[in-house]
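Written below as structure tokens is the structure these notes are about.
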Amino acid sequence: MEEKNHKENGYEATQLPEEPWAARAVFTVGGLKITRGILVILLAAAIMVGAIVASHPGGAATPDATTTASEESKQDKDKSDVNSEDDDADSFNPASLVGMGVYDAHDAAVNAGMEVRFISSGDAAKTDITGDIYNASTRLDGWDDWTVVDESDDGHTVTCTIDSKENLNAKAKSDENRKAGDDAAPAVMTACQREGGQRYPGGYDEHDILGVIQDVIRRDDGTYYYKVKATVNADTDVVVECVTTGDDNQQTIVSWDAN
């Protein structure tokens, strides 16, 4: 019965009497005789190949450790660069642009990931700078000596108010002269009023509260200028322009006119 089943299944088992010390079954498959041992080995090999294929779908090769490490290192560097840029943007303070030259301010803002726009102060010919500030024709207009004097930003765009070195120097000088005039004002006003009293013995009264047209100011040549309304001879109103020279303690008349 067993022999019949073997034949129906396509193989035939026989015994090898010539090798009594290693008696084993021999299977005939498609005309080939295969021993049981070889068949077991073949089945084991097939199982191993199947396991290898299953563990590497698509026949993918085992990743090279050096390549993987290199790729991970590159990814870490890319992340580090992105984080560094984010940190630069987060740490950037637009107020730090005040006092910088136009080009330095432009580069600092752009490097921090912000757009930058410039508007001028005190020069109608340069009311709005939105083009390429590195354009050659723009440089010829003298932007190199322009400085940021104020800024505002919305977190994305920083708008810088700029002024020329010439204007800034003039303003600084004007502020300095005004301060010097304030310091010397008591001495200047005393000298001017004394001069008016000498010129108009019939009466000289300066309107030094509401009648001041120009507060005492030092001029660029170092003299002091004062302009005020006054009443002379008790009935005539005039405008007095008085120029003096000296220091905070004593002033001498340079010129005095009443019209």
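Going through the structure tokens in order, the chains are called A, B, and so on, while each chain numbers its residues from 1 and the ligands are numbered from 1 in the order shown.
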
Long-range neighbours of range 200-212 of chain A as a PDB file with all heavy atoms, in the first residue's frame, 8 Å cut-off, only C-alpha atoms, 4 positions minimum in chain:
ATOM      1  N   GLN A 193      20.599 144.157  26.913  1.00  0.00           N
ATOM      2  CA  GLN A 193      19.710 145.086  27.599  1.00  0.00           C
ATOM      3  C   GLN A 193      20.490 146.330  28.067  1.00  0.00           C
ATOM      4  O   GLN A 193      19.989 147.468  27.995  1.00  0.00           O
ATOM      5  CB  GLN A 193      19.035 144.399  28.784  1.00  0.00           C
ATOM      6  CG  GLN A 193      17.940 145.254  29.389  1.00  0.00           C
ATOM      7  CD  GLN A 193      16.936 144.409  30.156  1.00  0.00           C
ATOM      8  OE1 GLN A 193      17.004 143.187  30.171  1.00  0.00           O
ATOM      9  NE2 GLN A 193      15.992 145.074  30.797  1.00  0.00           N
ATOM     10  N   GLY A 196      20.876 148.563  25.113  1.00  0.00           N
ATOM     11  CA  GLY A 196      19.638 149.257  24.785  1.00  0.00           C
ATOM     12  C   GLY A 196      19.364 150.418  25.733  1.00  0.00           C
ATOM     13  O   GLY A 196      18.901 151.495  25.304  1.00  0.00           O
ATOM     14  N   LYS A 227      17.424 137.861  19.375  1.00  0.00           N
ATOM     15  CA  LYS A 227      16.454 138.726  18.698  1.00  0.00           C
ATOM     16  C   LYS A 227      15.203 138.821  19.568  1.00  0.00           C
ATOM     17  O   LYS A 227      14.608 137.791  19.921  1.00  0.00           O
ATOM     18  CB  LYS A 227      16.121 138.152  17.322  1.00  0.00           C
ATOM     19  CG  LYS A 227      15.257 139.069  16.461  1.00  0.00           C
ATOM     20  CD  LYS A 227      15.108 138.470  15.054  1.00  0.00           C
ATOM     21  CE  LYS A 227      14.329 139.407  14.134  1.00  0.00           C
ATOM     22  NZ  LYS A 227      14.190 138.871  12.766  1.00  0.00           N
ATOM     23  N   VAL A 228      14.788 140.073  19.882  1.00  0.00           N
ATOM     24  CA  VAL A 228      13.699 140.263  20.833  1.00  0.00           C
ATOM     25  C   VAL A 228      12.947 141.559  20.531  1.00  0.00           C
ATOM     26  O   VAL A 228      13.520 142.525  19.994  1.00  0.00           O
ATOM     27  CB  VAL A 228      14.252 140.298  22.283  1.00  0.00           C
ATOM     28  CG1 VAL A 228      15.210 141.463  22.473  1.00  0.00           C
ATOM     29  CG2 VAL A 228      13.133 140.315  23.296  1.00  0.00           C
ATOM     30  N   LYS A 229      11.649 141.610  20.859  1.00  0.00           N
ATOM     31  CA  LYS A 229      10.868 142.839  20.744  1.00  0.00           C
ATOM     32  C   LYS A 229      11.120 143.711  21.979  1.00  0.00           C
ATOM     33  O   LYS A 229      11.334 143.187  23.073  1.00  0.00           O
ATOM     34  CB  LYS A 229       9.382 142.512  20.647  1.00  0.00           C
ATOM     35  CG  LYS A 229       8.980 141.797  19.359  1.00  0.00           C
ATOM     36  CD  LYS A 229       7.489 141.475  19.354  1.00  0.00           C
ATOM     37  CE  LYS A 229       7.095 140.744  18.083  1.00  0.00           C
ATOM     38  NZ  LYS A 229       5.647 140.409  18.072  1.00  0.00           N
ATOM     39  N   ALA A 230      11.057 144.993  21.774  1.00  0.00           N
ATOM     40  CA  ALA A 230      11.283 145.921  22.896  1.00  0.00           C
ATOM     41  C   ALA A 230      10.471 147.205  22.670  1.00  0.00           C
ATOM     42  O   ALA A 230      10.074 147.522  21.541  1.00  0.00           O
ATOM     43  CB  ALA A 230      12.762 146.252  23.028  1.00  0.00           C
ATOM     44  N   THR A 231      10.239 147.918  23.738  1.00  0.00           N
ATOM     45  CA  THR A 231       9.587 149.235  23.676  1.00  0.00           C
ATOM     46  C   THR A 231      10.615 150.286  24.076  1.00  0.00           C
ATOM     47  O   THR A 231      11.261 150.159  25.131  1.00  0.00           O
ATOM     48  CB  THR A 231       8.374 149.307  24.631  1.00  0.00           C
ATOM     49  OG1 THR A 231       7.417 148.326  24.242  1.00  0.00           O
ATOM     50  CG2 THR A 231       7.735 150.681  24.578  1.00  0.00           C
ATOM     51  N   VAL A 232      10.776 151.290  23.224  1.00  0.00           N
ATOM     52  CA  VAL A 232      11.749 152.341  23.510  1.00  0.00           C
ATOM     53  C   VAL A 232      11.012 153.669  23.710  1.00  0.00           C
ATOM     54  O   VAL A 232       9.956 153.914  23.117  1.00  0.00           O
ATOM     55  CB  VAL A 232      12.786 152.469  22.378  1.00  0.00           C
ATOM     56  CG1 VAL A 232      13.581 151.180  22.249  1.00  0.00           C
ATOM     57  CG2 VAL A 232      12.111 152.832  21.053  1.00  0.00           C
ATOM     58  N   ASN A 233      11.596 154.489  24.544  1.00  0.00           N
ATOM     59  CA  ASN A 233      11.017 155.800  24.856  1.00  0.00           C
ATOM     60  C   ASN A 233       9.567 155.681  25.317  1.00  0.00           C
ATOM     61  O   ASN A 233       8.757 156.601  25.081  1.00  0.00           O
ATOM     62  CB  ASN A 233      11.123 156.753  23.658  1.00  0.00           C
ATOM     63  CG  ASN A 233      12.555 157.025  23.267  1.00  0.00           C
ATOM     64  OD1 ASN A 233      13.445 157.058  24.134  1.00  0.00           O
ATOM     65  ND2 ASN A 233      12.794 157.207  21.987  1.00  0.00           N
ATOM     66  N   ALA A 234       9.227 154.562  25.900  1.00  0.00           N
ATOM     67  CA  ALA A 234       7.926 154.317  26.526  1.00  0.00           C
ATOM     68  C   ALA A 234       6.759 154.216  25.561  1.00  0.00           C
ATOM     69  O   ALA A 234       5.631 153.905  25.989  1.00  0.00           O
ATOM     70  CB  ALA A 234       7.617 155.400  27.565  1.00  0.00           C
TER      71      ALA A 234
END

Counting only C-alpha atoms, which residues in range 174-207 of chain A sit no more than 7 Å from range 241-247 of chain A? For each one, give the nearest pair of atoms and the distance in Å, sorted by chain then residue number, as JSON lines.
{"residue": "A:Ala184", "atom": "CA", "partner": "A:Asp247", "partner_atom": "CA", "distance": 6.4}
{"residue": "A:Val188", "atom": "CA", "partner": "A:Thr244", "partner_atom": "CA", "distance": 6.6}
{"residue": "A:Cys192", "atom": "CA", "partner": "A:Cys242", "partner_atom": "CA", "distance": 6.1}

Once you have the residues from the selection above, write them out as a PDB file, in the first residue's frame, restricted to C-alpha atoms.
ATOM      1  CA  ALA A 184      25.522 131.846  27.927  1.00  0.00           C
ATOM      2  CA  VAL A 188      24.139 137.723  26.530  1.00  0.00           C
ATOM      3  CA  CYS A 192      22.035 143.425  25.103  1.00  0.00           C
TER       4      CYS A 192
END

- Task: Excluding Asp150 in chain A and any residue of its chain fewer than 2 positions from it, enumerate the residues within 12 Å of it, using only C-alpha atoms, and give them as a list of chain:residue names.
- Result: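 Listing them by chain and then by number gives A:Pro94, A:Ala95, A:Ser96, A:Leu97, A:Val98, A:Gly99, A:Met100, A:Gly101, A:Val102, A:Ala105, A:Arg117, A:Phe118, A:Ile119, A:Ser120, A:Ser121, A:Thr147, A:Val148, A:Ser152, A:Asp153, A:Val158, A:Thr159, A:Cys160, A:Thr161, A:Ile162, A:Asp163.
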
- Query: So what do you get for CA of Ala108 in chain A versus CA of Gly155 in chain A, distance-wise?
  - Reply: 14.4 Å

- Tell me, in Å to one decimal, how far CA of Gly222 in chain A is from CA of Thr252 in chain A. 12.6 Å
